[in-house]
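Peer 1: What follows is start_0.txt, compact mmCIF, N, CA and C atoms.
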```
# COMPACT_ATOMS: atom_id res chain seq x y z
N MET G 225 -10.21 -8.39 19.99
CA MET G 225 -11.23 -8.25 18.97
C MET G 225 -11.52 -6.77 18.75
N SER G 226 -11.69 -6.41 17.54
CA SER G 226 -11.94 -5.02 17.18
C SER G 226 -13.38 -4.63 17.50
N LEU G 227 -13.57 -3.36 17.89
CA LEU G 227 -14.90 -2.85 18.15
C LEU G 227 -15.71 -2.77 16.85
N PHE G 228 -15.03 -2.41 15.76
CA PHE G 228 -15.69 -2.26 14.47
C PHE G 228 -15.09 -3.26 13.50
N SER G 229 -15.85 -4.28 13.17
CA SER G 229 -15.38 -5.31 12.25
C SER G 229 -15.71 -4.90 10.82
N THR G 230 -14.75 -5.03 9.93
CA THR G 230 -14.98 -4.69 8.54
C THR G 230 -14.86 -5.95 7.69
N ASP G 231 -15.29 -5.82 6.47
CA ASP G 231 -15.25 -6.96 5.55
C ASP G 231 -13.89 -7.05 4.85
N GLY G 232 -13.69 -8.13 4.11
CA GLY G 232 -12.41 -8.38 3.46
C GLY G 232 -12.03 -7.33 2.43
N ILE G 233 -12.99 -6.86 1.66
CA ILE G 233 -12.68 -5.87 0.63
C ILE G 233 -12.24 -4.56 1.26
N THR G 234 -12.92 -4.16 2.32
CA THR G 234 -12.55 -2.93 3.01
C THR G 234 -11.15 -3.07 3.62
N ASN G 235 -10.87 -4.23 4.23
CA ASN G 235 -9.53 -4.47 4.78
C ASN G 235 -8.46 -4.45 3.69
N LEU G 236 -8.78 -5.02 2.55
CA LEU G 236 -7.83 -5.03 1.43
C LEU G 236 -7.54 -3.60 0.97
N LEU G 237 -8.57 -2.79 0.86
CA LEU G 237 -8.37 -1.39 0.45
C LEU G 237 -7.56 -0.62 1.49
N GLN G 238 -7.81 -0.88 2.76
CA GLN G 238 -7.03 -0.23 3.81
C GLN G 238 -5.57 -0.64 3.73
N SER G 239 -5.31 -1.92 3.48
CA SER G 239 -3.94 -2.41 3.34
C SER G 239 -3.27 -1.77 2.13
N PHE G 240 -4.01 -1.63 1.04
CA PHE G 240 -3.48 -1.00 -0.17
C PHE G 240 -3.05 0.44 0.13
N LEU G 241 -3.90 1.17 0.85
CA LEU G 241 -3.57 2.56 1.19
C LEU G 241 -2.36 2.63 2.12
N ASP G 242 -2.26 1.70 3.06
CA ASP G 242 -1.10 1.66 3.96
C ASP G 242 0.19 1.45 3.17
N VAL G 243 0.15 0.53 2.22
CA VAL G 243 1.33 0.25 1.40
C VAL G 243 1.71 1.46 0.55
N GLN G 244 0.74 2.11 -0.04
CA GLN G 244 1.05 3.28 -0.88
C GLN G 244 1.63 4.41 -0.04
N SER G 245 1.13 4.58 1.15
CA SER G 245 1.65 5.60 2.05
C SER G 245 3.10 5.31 2.42
N ARG G 246 3.37 4.06 2.76
CA ARG G 246 4.75 3.66 3.12
C ARG G 246 5.67 3.80 1.90
N ARG G 247 5.17 3.46 0.74
CA ARG G 247 5.97 3.56 -0.49
C ARG G 247 6.35 5.02 -0.76
N SER G 248 5.43 5.94 -0.54
CA SER G 248 5.74 7.35 -0.76
C SER G 248 6.79 7.84 0.23
N GLU G 249 6.79 7.31 1.46
CA GLU G 249 7.82 7.66 2.43
C GLU G 249 9.21 7.21 1.97
N VAL G 250 9.28 6.00 1.43
CA VAL G 250 10.57 5.48 0.94
C VAL G 250 11.06 6.31 -0.24
N ILE G 251 10.18 6.63 -1.15
CA ILE G 251 10.55 7.44 -2.32
C ILE G 251 10.99 8.83 -1.88
N ALA G 252 10.27 9.42 -0.93
CA ALA G 252 10.66 10.74 -0.42
C ALA G 252 12.05 10.70 0.21
N GLY G 253 12.36 9.61 0.89
CA GLY G 253 13.70 9.43 1.46
C GLY G 253 14.77 9.38 0.38
N ASN G 254 14.46 8.70 -0.72
CA ASN G 254 15.41 8.65 -1.85
C ASN G 254 15.64 10.03 -2.42
N ILE G 255 14.57 10.78 -2.62
CA ILE G 255 14.69 12.13 -3.19
C ILE G 255 15.49 13.02 -2.26
N ALA G 256 15.22 12.90 -0.96
CA ALA G 256 15.93 13.72 0.03
C ALA G 256 17.44 13.42 0.04
N ASN G 257 17.80 12.20 -0.31
CA ASN G 257 19.21 11.80 -0.29
C ASN G 257 19.85 11.78 -1.68
N ALA G 258 19.24 12.46 -2.62
CA ALA G 258 19.76 12.45 -4.00
C ALA G 258 21.17 13.03 -4.10
N ASP G 259 21.55 13.89 -3.18
CA ASP G 259 22.89 14.49 -3.21
C ASP G 259 23.82 13.90 -2.16
N THR G 260 23.42 12.85 -1.48
CA THR G 260 24.25 12.23 -0.45
C THR G 260 25.22 11.25 -1.10
N PRO G 261 26.52 11.49 -0.97
CA PRO G 261 27.51 10.57 -1.58
C PRO G 261 27.36 9.15 -1.04
N GLY G 262 27.36 8.20 -1.94
CA GLY G 262 27.29 6.79 -1.58
C GLY G 262 25.92 6.27 -1.20
N PHE G 263 24.90 7.11 -1.26
CA PHE G 263 23.56 6.66 -0.88
C PHE G 263 23.03 5.69 -1.93
N VAL G 264 22.49 4.58 -1.46
CA VAL G 264 21.89 3.58 -2.35
C VAL G 264 20.37 3.73 -2.25
N ALA G 265 19.73 3.96 -3.38
CA ALA G 265 18.28 4.15 -3.42
C ALA G 265 17.56 2.91 -2.92
N LYS G 266 16.44 3.12 -2.25
CA LYS G 266 15.64 2.03 -1.69
C LYS G 266 14.31 1.94 -2.41
N GLU G 267 13.66 0.80 -2.26
CA GLU G 267 12.31 0.62 -2.78
C GLU G 267 11.55 -0.29 -1.83
N LEU G 268 10.25 -0.22 -1.90
CA LEU G 268 9.40 -1.02 -1.03
C LEU G 268 8.95 -2.26 -1.77
N ASN G 269 9.30 -3.41 -1.23
CA ASN G 269 8.87 -4.68 -1.81
C ASN G 269 7.62 -5.11 -1.06
N PHE G 270 6.47 -5.01 -1.72
CA PHE G 270 5.21 -5.30 -1.06
C PHE G 270 4.38 -6.32 -1.80
N GLN G 271 4.95 -7.00 -2.76
CA GLN G 271 4.21 -7.97 -3.57
C GLN G 271 3.62 -9.08 -2.70
N ASP G 272 4.45 -9.68 -1.82
CA ASP G 272 3.97 -10.77 -0.97
C ASP G 272 2.87 -10.29 -0.04
N TYR G 273 3.03 -9.07 0.47
CA TYR G 273 2.06 -8.50 1.39
C TYR G 273 0.69 -8.33 0.71
N LEU G 274 0.68 -7.74 -0.48
CA LEU G 274 -0.59 -7.53 -1.17
C LEU G 274 -1.21 -8.85 -1.63
N GLN G 275 -0.38 -9.83 -2.01
CA GLN G 275 -0.92 -11.13 -2.39
C GLN G 275 -1.62 -11.79 -1.21
N GLU G 276 -1.01 -11.70 -0.01
CA GLU G 276 -1.62 -12.29 1.18
C GLU G 276 -2.90 -11.53 1.55
N ALA G 277 -2.87 -10.20 1.42
CA ALA G 277 -4.07 -9.40 1.71
C ALA G 277 -5.19 -9.78 0.75
N ALA G 278 -4.87 -9.97 -0.52
CA ALA G 278 -5.88 -10.38 -1.50
C ALA G 278 -6.42 -11.77 -1.17
N ARG G 279 -5.53 -12.66 -0.77
CA ARG G 279 -5.96 -14.02 -0.40
C ARG G 279 -6.91 -13.97 0.80
N GLN G 280 -6.56 -13.17 1.80
CA GLN G 280 -7.41 -13.04 2.99
C GLN G 280 -8.79 -12.48 2.63
N SER G 281 -8.82 -11.52 1.71
CA SER G 281 -10.09 -10.88 1.36
C SER G 281 -11.05 -11.84 0.66
N LYS G 282 -10.51 -12.90 0.05
CA LYS G 282 -11.35 -13.86 -0.66
C LYS G 282 -11.92 -14.94 0.26
N LEU G 283 -11.36 -15.03 1.48
CA LEU G 283 -11.83 -16.05 2.41
C LEU G 283 -13.16 -15.64 3.03
N PRO G 284 -13.96 -16.61 3.48
CA PRO G 284 -15.17 -16.25 4.20
C PRO G 284 -14.81 -15.45 5.45
N GLN G 285 -15.69 -14.57 5.88
CA GLN G 285 -15.44 -13.67 7.02
C GLN G 285 -14.93 -14.43 8.24
N SER G 286 -15.51 -15.61 8.51
CA SER G 286 -15.15 -16.38 9.70
C SER G 286 -13.72 -16.93 9.64
N LYS G 287 -13.16 -17.05 8.45
CA LYS G 287 -11.81 -17.64 8.31
C LYS G 287 -10.72 -16.60 8.07
N GLN G 288 -11.11 -15.34 7.97
CA GLN G 288 -10.12 -14.29 7.73
C GLN G 288 -9.27 -14.06 8.98
N ASP G 289 -7.98 -13.90 8.76
CA ASP G 289 -7.05 -13.63 9.86
C ASP G 289 -6.13 -12.50 9.42
N TRP G 290 -6.58 -11.27 9.62
CA TRP G 290 -5.82 -10.12 9.15
C TRP G 290 -4.55 -9.91 9.97
N GLN G 291 -4.48 -10.55 11.13
CA GLN G 291 -3.26 -10.46 11.93
C GLN G 291 -2.11 -11.20 11.25
N SER G 292 -2.42 -12.16 10.40
CA SER G 292 -1.37 -12.92 9.72
C SER G 292 -0.58 -12.06 8.74
N LEU G 293 -1.13 -10.89 8.37
CA LEU G 293 -0.43 -10.00 7.45
C LEU G 293 0.87 -9.48 8.04
N SER G 294 0.98 -9.49 9.36
CA SER G 294 2.20 -8.97 10.00
C SER G 294 3.43 -9.78 9.58
N SER G 295 3.26 -11.06 9.26
CA SER G 295 4.39 -11.85 8.80
C SER G 295 4.74 -11.57 7.34
N PHE G 296 3.89 -10.83 6.64
CA PHE G 296 4.13 -10.48 5.25
C PHE G 296 4.35 -8.98 5.07
N SER G 297 4.79 -8.32 6.11
CA SER G 297 4.90 -6.86 6.04
C SER G 297 5.82 -6.43 4.90
N PRO G 298 5.50 -5.31 4.28
CA PRO G 298 6.35 -4.80 3.20
C PRO G 298 7.77 -4.55 3.71
N THR G 299 8.74 -4.86 2.89
CA THR G 299 10.14 -4.68 3.29
C THR G 299 10.81 -3.65 2.39
N VAL G 300 11.72 -2.91 2.98
CA VAL G 300 12.50 -1.93 2.23
C VAL G 300 13.78 -2.62 1.77
N THR G 301 14.00 -2.61 0.46
CA THR G 301 15.19 -3.23 -0.12
C THR G 301 15.93 -2.21 -0.98
N GLU G 302 17.16 -2.54 -1.32
CA GLU G 302 17.92 -1.66 -2.20
C GLU G 302 17.44 -1.82 -3.64
N GLN G 303 17.32 -0.69 -4.32
CA GLN G 303 16.91 -0.69 -5.73
C GLN G 303 18.04 -1.23 -6.59
N SER G 304 17.67 -1.85 -7.69
CA SER G 304 18.67 -2.18 -8.70
C SER G 304 19.06 -0.87 -9.36
N PRO G 305 20.33 -0.48 -9.28
CA PRO G 305 20.70 0.84 -9.81
C PRO G 305 20.57 0.92 -11.33
N THR G 306 19.94 2.00 -11.78
CA THR G 306 19.88 2.27 -13.21
C THR G 306 20.97 3.27 -13.58
N VAL G 307 21.32 4.11 -12.61
CA VAL G 307 22.35 5.13 -12.81
C VAL G 307 23.18 5.18 -11.54
N ILE G 308 24.50 5.23 -11.70
CA ILE G 308 25.38 5.41 -10.55
C ILE G 308 26.20 6.65 -10.79
N GLY G 309 26.06 7.61 -9.86
CA GLY G 309 26.79 8.86 -9.98
C GLY G 309 28.27 8.68 -9.67
N LEU G 310 29.06 9.70 -9.96
CA LEU G 310 30.49 9.65 -9.67
C LEU G 310 30.76 9.48 -8.19
N ASP G 311 29.84 9.96 -7.36
CA ASP G 311 30.01 9.84 -5.90
C ASP G 311 29.42 8.55 -5.35
N GLY G 312 28.95 7.64 -6.21
CA GLY G 312 28.40 6.36 -5.78
C GLY G 312 26.92 6.40 -5.44
N ASN G 313 26.27 7.53 -5.62
CA ASN G 313 24.86 7.67 -5.34
C ASN G 313 24.05 7.03 -6.47
N THR G 314 23.05 6.23 -6.10
CA THR G 314 22.27 5.52 -7.13
C THR G 314 20.88 6.08 -7.34
N VAL G 315 20.58 7.24 -6.76
CA VAL G 315 19.25 7.83 -6.91
C VAL G 315 19.09 8.42 -8.31
N ASP G 316 18.08 7.98 -9.01
CA ASP G 316 17.71 8.53 -10.31
C ASP G 316 16.50 9.43 -10.07
N ALA G 317 16.73 10.74 -10.02
CA ALA G 317 15.68 11.68 -9.64
C ALA G 317 14.46 11.58 -10.56
N GLY G 318 14.66 11.38 -11.83
CA GLY G 318 13.54 11.26 -12.76
C GLY G 318 12.68 10.05 -12.45
N ARG G 319 13.33 8.92 -12.19
CA ARG G 319 12.60 7.70 -11.85
C ARG G 319 11.85 7.88 -10.53
N GLU G 320 12.50 8.50 -9.55
CA GLU G 320 11.87 8.70 -8.25
C GLU G 320 10.64 9.61 -8.36
N MET G 321 10.75 10.66 -9.14
CA MET G 321 9.61 11.57 -9.31
C MET G 321 8.46 10.86 -10.02
N ALA G 322 8.79 10.04 -11.02
CA ALA G 322 7.75 9.28 -11.72
C ALA G 322 7.09 8.28 -10.77
N ASP G 323 7.91 7.60 -9.96
CA ASP G 323 7.36 6.65 -8.99
C ASP G 323 6.49 7.34 -7.95
N LEU G 324 6.92 8.53 -7.51
CA LEU G 324 6.14 9.28 -6.54
C LEU G 324 4.79 9.71 -7.13
N ALA G 325 4.80 10.13 -8.38
CA ALA G 325 3.55 10.51 -9.04
C ALA G 325 2.62 9.30 -9.17
N GLN G 326 3.19 8.15 -9.55
CA GLN G 326 2.39 6.93 -9.68
C GLN G 326 1.82 6.50 -8.33
N THR G 327 2.63 6.61 -7.29
CA THR G 327 2.18 6.25 -5.95
C THR G 327 1.04 7.16 -5.50
N GLY G 328 1.15 8.46 -5.80
CA GLY G 328 0.08 9.39 -5.47
C GLY G 328 -1.20 9.06 -6.20
N THR G 329 -1.06 8.71 -7.46
CA THR G 329 -2.23 8.31 -8.25
C THR G 329 -2.87 7.04 -7.68
N ASN G 330 -2.03 6.07 -7.33
CA ASN G 330 -2.52 4.83 -6.74
C ASN G 330 -3.25 5.10 -5.42
N PHE G 331 -2.67 5.98 -4.60
CA PHE G 331 -3.29 6.29 -3.32
C PHE G 331 -4.66 6.95 -3.53
N ASN G 332 -4.71 7.91 -4.44
CA ASN G 332 -5.99 8.57 -4.72
C ASN G 332 -7.04 7.59 -5.22
N PHE G 333 -6.62 6.67 -6.09
CA PHE G 333 -7.53 5.65 -6.60
C PHE G 333 -8.04 4.78 -5.45
N GLY G 334 -7.12 4.33 -4.60
CA GLY G 334 -7.50 3.50 -3.46
C GLY G 334 -8.43 4.23 -2.50
N ALA G 335 -8.16 5.52 -2.27
CA ALA G 335 -9.01 6.32 -1.38
C ALA G 335 -10.42 6.45 -1.95
N LYS G 336 -10.52 6.65 -3.26
CA LYS G 336 -11.84 6.75 -3.89
C LYS G 336 -12.57 5.41 -3.84
N MET G 337 -11.85 4.33 -4.03
CA MET G 337 -12.47 3.01 -3.94
C MET G 337 -12.97 2.74 -2.53
N LEU G 338 -12.16 3.10 -1.52
CA LEU G 338 -12.58 2.90 -0.14
C LEU G 338 -13.78 3.78 0.19
N GLN G 339 -13.76 5.01 -0.30
CA GLN G 339 -14.90 5.91 -0.08
C GLN G 339 -16.18 5.32 -0.70
N SER G 340 -16.06 4.79 -1.91
CA SER G 340 -17.22 4.17 -2.56
C SER G 340 -17.70 2.96 -1.78
N ARG G 341 -16.76 2.18 -1.29
CA ARG G 341 -17.10 0.99 -0.52
C ARG G 341 -17.85 1.37 0.76
N LEU G 342 -17.36 2.37 1.46
CA LEU G 342 -18.01 2.80 2.69
C LEU G 342 -19.39 3.41 2.41
N ARG G 343 -19.50 4.11 1.29
CA ARG G 343 -20.79 4.67 0.90
C ARG G 343 -21.79 3.54 0.62
N LEU G 344 -21.32 2.49 -0.04
CA LEU G 344 -22.17 1.34 -0.33
C LEU G 344 -22.62 0.66 0.96
N LEU G 345 -21.70 0.50 1.90
CA LEU G 345 -22.06 -0.12 3.18
C LEU G 345 -23.05 0.75 3.95
N ARG G 346 -22.84 2.07 3.91
CA ARG G 346 -23.75 2.98 4.59
C ARG G 346 -25.16 2.88 3.98
N THR G 347 -25.23 2.80 2.66
CA THR G 347 -26.52 2.66 1.98
C THR G 347 -27.20 1.36 2.38
N ALA G 348 -26.41 0.29 2.47
CA ALA G 348 -26.98 -1.01 2.85
C ALA G 348 -27.50 -0.96 4.28
N ILE G 349 -26.77 -0.28 5.17
CA ILE G 349 -27.23 -0.17 6.56
C ILE G 349 -28.52 0.62 6.65
N ARG G 350 -28.63 1.66 5.85
CA ARG G 350 -29.84 2.50 5.84
C ARG G 350 -30.96 1.88 5.02
N GLU G 351 -30.73 0.72 4.46
CA GLU G 351 -31.70 0.01 3.63
C GLU G 351 -32.10 0.83 2.41
N GLY G 352 -31.12 1.46 1.80
CA GLY G 352 -31.37 2.20 0.56
C GLY G 352 -31.90 3.59 0.73
N ARG G 353 -32.06 4.06 1.95
CA ARG G 353 -32.59 5.43 2.17
C ARG G 353 -31.50 6.45 2.18
```
Can you turn what I pasted into structure tokens?
Peer 2:
Amino acid sequence: MSLFSTDGITNLLQSFLDVQSRRSEVIAGNIANADTPGFVAKELNFQDYLQEAARQSKLPQSKQDWQSLSSFSPTVTEQSPTVIGLDGNTVDAGREMADLAQTGTNFNFGAKMLQSRLRLLRTAIREGR
């Protein structure tokens, strides 16, 4: 049992930030291997993970089981190639940079939402003071 129990929305936001962080790692790996012959670009498939996290967040606190998310962990899969270089490399640098920018924006949004959520909880604990 955790020392600090959080609510479903806070857990969902934390999961969202974890996924965005992992997604940026995968994209950075693609960019780093843009000149590697035969490298196949990867992407993070996290749809099932976020759907389960959203489902958990809607359950009453007593029925939430955040440990069950481990069976829905995001998986790294090969991207459907949009461009294949002469050396067999499938990294599209433009797409990767756009995805990285979007991931950064998503992370910042999630961080601000989590910050607002924690501020709201702090206000509730202080009884509005």
Peer 1: To one decimal in Å, tell me the separation between atom N of G:Ser281 and atom C of G:Asn332.
Peer 2: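 Computed distance, atom N of G:Ser281 to atom C of G:Asn332, equals 20.4 Å.
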Peer 1: Please indicate the distance in Å from atom CA of G:Ala348 to atom N of G:Gly232, rounded to one decimal place.
Peer 2: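 These atoms are spaced 15.1 Å apart.
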Peer 1: For atom CA of G:Leu338 and atom C of G:Val250, determine how far apart the two atoms are, in Å to one decimal place.
Peer 2: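 For atom CA of G:Leu338 relative to atom C of G:Val250, the distance reads 23.9 Å.
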Peer 1: Which of stretch 225-350 of chain G counts as alpha helix (DSSP H) under DSSP, as a CSV table (one decimal) with N, CA and C atoms, keeping the file's coordinate frame please?
Peer 2:
```csv
chain,number,residue,atom,x,y,z
G,232,GLY,N,-13.7,-8.1,4.1
G,232,GLY,CA,-12.4,-8.4,3.5
G,232,GLY,C,-12.0,-7.3,2.4
G,233,ILE,N,-13.0,-6.9,1.7
G,233,ILE,CA,-12.7,-5.9,0.6
G,233,ILE,C,-12.2,-4.6,1.3
G,234,THR,N,-12.9,-4.2,2.3
G,234,THR,CA,-12.6,-2.9,3.0
G,234,THR,C,-11.2,-3.1,3.6
G,235,ASN,N,-10.9,-4.2,4.2
G,235,ASN,CA,-9.5,-4.5,4.8
G,235,ASN,C,-8.5,-4.4,3.7
G,236,LEU,N,-8.8,-5.0,2.6
G,236,LEU,CA,-7.8,-5.0,1.4
G,236,LEU,C,-7.5,-3.6,1.0
G,237,LEU,N,-8.6,-2.8,0.9
G,237,LEU,CA,-8.4,-1.4,0.4
G,237,LEU,C,-7.6,-0.6,1.5
G,238,GLN,N,-7.8,-0.9,2.8
G,238,GLN,CA,-7.0,-0.2,3.8
G,238,GLN,C,-5.6,-0.6,3.7
G,239,SER,N,-5.3,-1.9,3.5
G,239,SER,CA,-3.9,-2.4,3.3
G,239,SER,C,-3.3,-1.8,2.1
G,240,PHE,N,-4.0,-1.6,1.0
G,240,PHE,CA,-3.5,-1.0,-0.2
G,240,PHE,C,-3.0,0.4,0.1
G,241,LEU,N,-3.9,1.2,0.8
G,241,LEU,CA,-3.6,2.6,1.2
G,241,LEU,C,-2.4,2.6,2.1
G,242,ASP,N,-2.3,1.7,3.1
G,242,ASP,CA,-1.1,1.7,4.0
G,242,ASP,C,0.2,1.4,3.2
G,243,VAL,N,0.2,0.5,2.2
G,243,VAL,CA,1.3,0.2,1.4
G,243,VAL,C,1.7,1.5,0.6
G,244,GLN,N,0.7,2.1,0.0
G,244,GLN,CA,1.0,3.3,-0.9
G,244,GLN,C,1.6,4.4,0.0
G,245,SER,N,1.1,4.6,1.2
G,245,SER,CA,1.6,5.6,2.0
G,245,SER,C,3.1,5.3,2.4
G,246,ARG,N,3.4,4.1,2.8
G,246,ARG,CA,4.8,3.7,3.1
G,246,ARG,C,5.7,3.8,1.9
G,247,ARG,N,5.2,3.5,0.7
G,247,ARG,CA,6.0,3.6,-0.5
G,247,ARG,C,6.4,5.0,-0.8
G,248,SER,N,5.4,5.9,-0.5
G,248,SER,CA,5.7,7.4,-0.8
G,248,SER,C,6.8,7.8,0.2
G,249,GLU,N,6.8,7.3,1.5
G,249,GLU,CA,7.8,7.7,2.4
G,249,GLU,C,9.2,7.2,2.0
G,250,VAL,N,9.3,6.0,1.4
G,250,VAL,CA,10.6,5.5,0.9
G,250,VAL,C,11.1,6.3,-0.2
G,251,ILE,N,10.2,6.6,-1.2
G,251,ILE,CA,10.6,7.4,-2.3
G,251,ILE,C,11.0,8.8,-1.9
G,252,ALA,N,10.3,9.4,-0.9
G,252,ALA,CA,10.7,10.7,-0.4
G,252,ALA,C,12.0,10.7,0.2
G,253,GLY,N,12.4,9.6,0.9
G,253,GLY,CA,13.7,9.4,1.5
G,253,GLY,C,14.8,9.4,0.4
G,254,ASN,N,14.5,8.7,-0.7
G,254,ASN,CA,15.4,8.6,-1.8
G,254,ASN,C,15.6,10.0,-2.4
G,255,ILE,N,14.6,10.8,-2.6
G,255,ILE,CA,14.7,12.1,-3.2
G,255,ILE,C,15.5,13.0,-2.3
G,256,ALA,N,15.2,12.9,-1.0
G,256,ALA,CA,15.9,13.7,0.0
G,256,ALA,C,17.4,13.4,0.0
G,271,GLN,N,5.0,-7.0,-2.8
G,271,GLN,CA,4.2,-8.0,-3.6
G,271,GLN,C,3.6,-9.1,-2.7
G,272,ASP,N,4.4,-9.7,-1.8
G,272,ASP,CA,4.0,-10.8,-1.0
G,272,ASP,C,2.9,-10.3,0.0
G,273,TYR,N,3.0,-9.1,0.5
G,273,TYR,CA,2.1,-8.5,1.4
G,273,TYR,C,0.7,-8.3,0.7
G,274,LEU,N,0.7,-7.7,-0.5
G,274,LEU,CA,-0.6,-7.5,-1.2
G,274,LEU,C,-1.2,-8.8,-1.6
G,275,GLN,N,-0.4,-9.8,-2.0
G,275,GLN,CA,-0.9,-11.1,-2.4
G,275,GLN,C,-1.6,-11.8,-1.2
G,276,GLU,N,-1.0,-11.7,0.0
G,276,GLU,CA,-1.6,-12.3,1.2
G,276,GLU,C,-2.9,-11.5,1.6
G,277,ALA,N,-2.9,-10.2,1.4
G,277,ALA,CA,-4.1,-9.4,1.7
G,277,ALA,C,-5.2,-9.8,0.8
G,278,ALA,N,-4.9,-10.0,-0.5
G,278,ALA,CA,-5.9,-10.4,-1.5
G,278,ALA,C,-6.4,-11.8,-1.2
G,279,ARG,N,-5.5,-12.7,-0.8
G,279,ARG,CA,-6.0,-14.0,-0.4
G,279,ARG,C,-6.9,-14.0,0.8
G,280,GLN,N,-6.6,-13.2,1.8
G,280,GLN,CA,-7.4,-13.0,3.0
G,280,GLN,C,-8.8,-12.5,2.6
G,281,SER,N,-8.8,-11.5,1.7
G,281,SER,CA,-10.1,-10.9,1.4
G,281,SER,C,-11.0,-11.8,0.7
G,282,LYS,N,-10.5,-12.9,0.0
G,282,LYS,CA,-11.4,-13.9,-0.7
G,282,LYS,C,-11.9,-14.9,0.3
G,317,ALA,N,16.7,10.7,-10.0
G,317,ALA,CA,15.7,11.7,-9.6
G,317,ALA,C,14.5,11.6,-10.6
G,318,GLY,N,14.7,11.4,-11.8
G,318,GLY,CA,13.5,11.3,-12.8
G,318,GLY,C,12.7,10.0,-12.4
G,319,ARG,N,13.3,8.9,-12.2
G,319,ARG,CA,12.6,7.7,-11.8
G,319,ARG,C,11.8,7.9,-10.5
G,320,GLU,N,12.5,8.5,-9.6
G,320,GLU,CA,11.9,8.7,-8.2
G,320,GLU,C,10.6,9.6,-8.4
G,321,MET,N,10.8,10.7,-9.1
G,321,MET,CA,9.6,11.6,-9.3
G,321,MET,C,8.5,10.9,-10.0
G,322,ALA,N,8.8,10.0,-11.0
G,322,ALA,CA,7.8,9.3,-11.7
G,322,ALA,C,7.1,8.3,-10.8
G,323,ASP,N,7.9,7.6,-10.0
G,323,ASP,CA,7.4,6.6,-9.0
G,323,ASP,C,6.5,7.3,-8.0
G,324,LEU,N,6.9,8.5,-7.5
G,324,LEU,CA,6.1,9.3,-6.5
G,324,LEU,C,4.8,9.7,-7.1
G,325,ALA,N,4.8,10.1,-8.4
G,325,ALA,CA,3.6,10.5,-9.0
G,325,ALA,C,2.6,9.3,-9.2
G,326,GLN,N,3.2,8.2,-9.6
G,326,GLN,CA,2.4,6.9,-9.7
G,326,GLN,C,1.8,6.5,-8.3
G,327,THR,N,2.6,6.6,-7.3
G,327,THR,CA,2.2,6.2,-6.0
G,327,THR,C,1.0,7.2,-5.5
G,328,GLY,N,1.2,8.5,-5.8
G,328,GLY,CA,0.1,9.4,-5.5
G,328,GLY,C,-1.2,9.1,-6.2
G,329,THR,N,-1.1,8.7,-7.5
G,329,THR,CA,-2.2,8.3,-8.2
G,329,THR,C,-2.9,7.0,-7.7
G,330,ASN,N,-2.0,6.1,-7.3
G,330,ASN,CA,-2.5,4.8,-6.7
G,330,ASN,C,-3.2,5.1,-5.4
G,331,PHE,N,-2.7,6.0,-4.6
G,331,PHE,CA,-3.3,6.3,-3.3
G,331,PHE,C,-4.7,7.0,-3.5
G,332,ASN,N,-4.7,7.9,-4.4
G,332,ASN,CA,-6.0,8.6,-4.7
G,332,ASN,C,-7.0,7.6,-5.2
G,333,PHE,N,-6.6,6.7,-6.1
G,333,PHE,CA,-7.5,5.6,-6.6
G,333,PHE,C,-8.0,4.8,-5.4
G,334,GLY,N,-7.1,4.3,-4.6
G,334,GLY,CA,-7.5,3.5,-3.5
G,334,GLY,C,-8.4,4.2,-2.5
G,335,ALA,N,-8.2,5.5,-2.3
G,335,ALA,CA,-9.0,6.3,-1.4
G,335,ALA,C,-10.4,6.4,-2.0
G,336,LYS,N,-10.5,6.6,-3.3
G,336,LYS,CA,-11.8,6.8,-3.9
G,336,LYS,C,-12.6,5.4,-3.8
G,337,MET,N,-11.8,4.3,-4.0
G,337,MET,CA,-12.5,3.0,-3.9
G,337,MET,C,-13.0,2.7,-2.5
G,338,LEU,N,-12.2,3.1,-1.5
G,338,LEU,CA,-12.6,2.9,-0.1
G,338,LEU,C,-13.8,3.8,0.2
G,339,GLN,N,-13.8,5.0,-0.3
G,339,GLN,CA,-14.9,5.9,-0.1
G,339,GLN,C,-16.2,5.3,-0.7
G,340,SER,N,-16.1,4.8,-1.9
G,340,SER,CA,-17.2,4.2,-2.6
G,340,SER,C,-17.7,3.0,-1.8
G,341,ARG,N,-16.8,2.2,-1.3
G,341,ARG,CA,-17.1,1.0,-0.5
G,341,ARG,C,-17.8,1.4,0.8
G,342,LEU,N,-17.4,2.4,1.5
G,342,LEU,CA,-18.0,2.8,2.7
G,342,LEU,C,-19.4,3.4,2.4
G,343,ARG,N,-19.5,4.1,1.3
G,343,ARG,CA,-20.8,4.7,0.9
G,343,ARG,C,-21.8,3.5,0.6
G,344,LEU,N,-21.3,2.5,0.0
G,344,LEU,CA,-22.2,1.3,-0.3
G,344,LEU,C,-22.6,0.7,1.0
G,345,LEU,N,-21.7,0.5,1.9
G,345,LEU,CA,-22.1,-0.1,3.2
G,345,LEU,C,-23.0,0.8,4.0
G,346,ARG,N,-22.8,2.1,3.9
G,346,ARG,CA,-23.8,3.0,4.6
G,346,ARG,C,-25.2,2.9,4.0
G,347,THR,N,-25.2,2.8,2.7
G,347,THR,CA,-26.5,2.7,2.0
G,347,THR,C,-27.2,1.4,2.4
G,348,ALA,N,-26.4,0.3,2.5
G,348,ALA,CA,-27.0,-1.0,2.8
G,348,ALA,C,-27.5,-1.0,4.3
G,349,ILE,N,-26.8,-0.3,5.2
G,349,ILE,CA,-27.2,-0.2,6.6
G,349,ILE,C,-28.5,0.6,6.6
```
Peer 1: Which is closest to G:Thr329 among G:Ser245, G:Asn313, G:Gln280, G:Asn269, if we use only C-alpha atoms?
Peer 2: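 Nearest to G:Thr329: G:Ser245.
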Peer 1: With all atoms listed in the file as the basis for distance, which of G:Gly328, G:Pro305, G:Gly312, G:Pro298 is at the shortest distance from G:Tyr273?
Peer 2: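 Comparing G:Gly328, G:Pro305, G:Gly312, G:Pro298 against G:Tyr273, the winner is G:Pro298.
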Peer 1: Which residue out of G:Val243, G:Leu236, G:Ser248, G:Ala258 has the minimum interatomic distance to G:Asp311 when only C-alpha atoms are used?
Peer 2: G:Ala258
Peer 1: Of the candidates G:Leu241, G:Phe331, G:Glu302, G:Ala322, which shows the shortest atom-to-atom distance to G:Val264, using all atoms listed in the file?
Peer 2: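 Under the stated criterion, the closest residue is G:Glu302.
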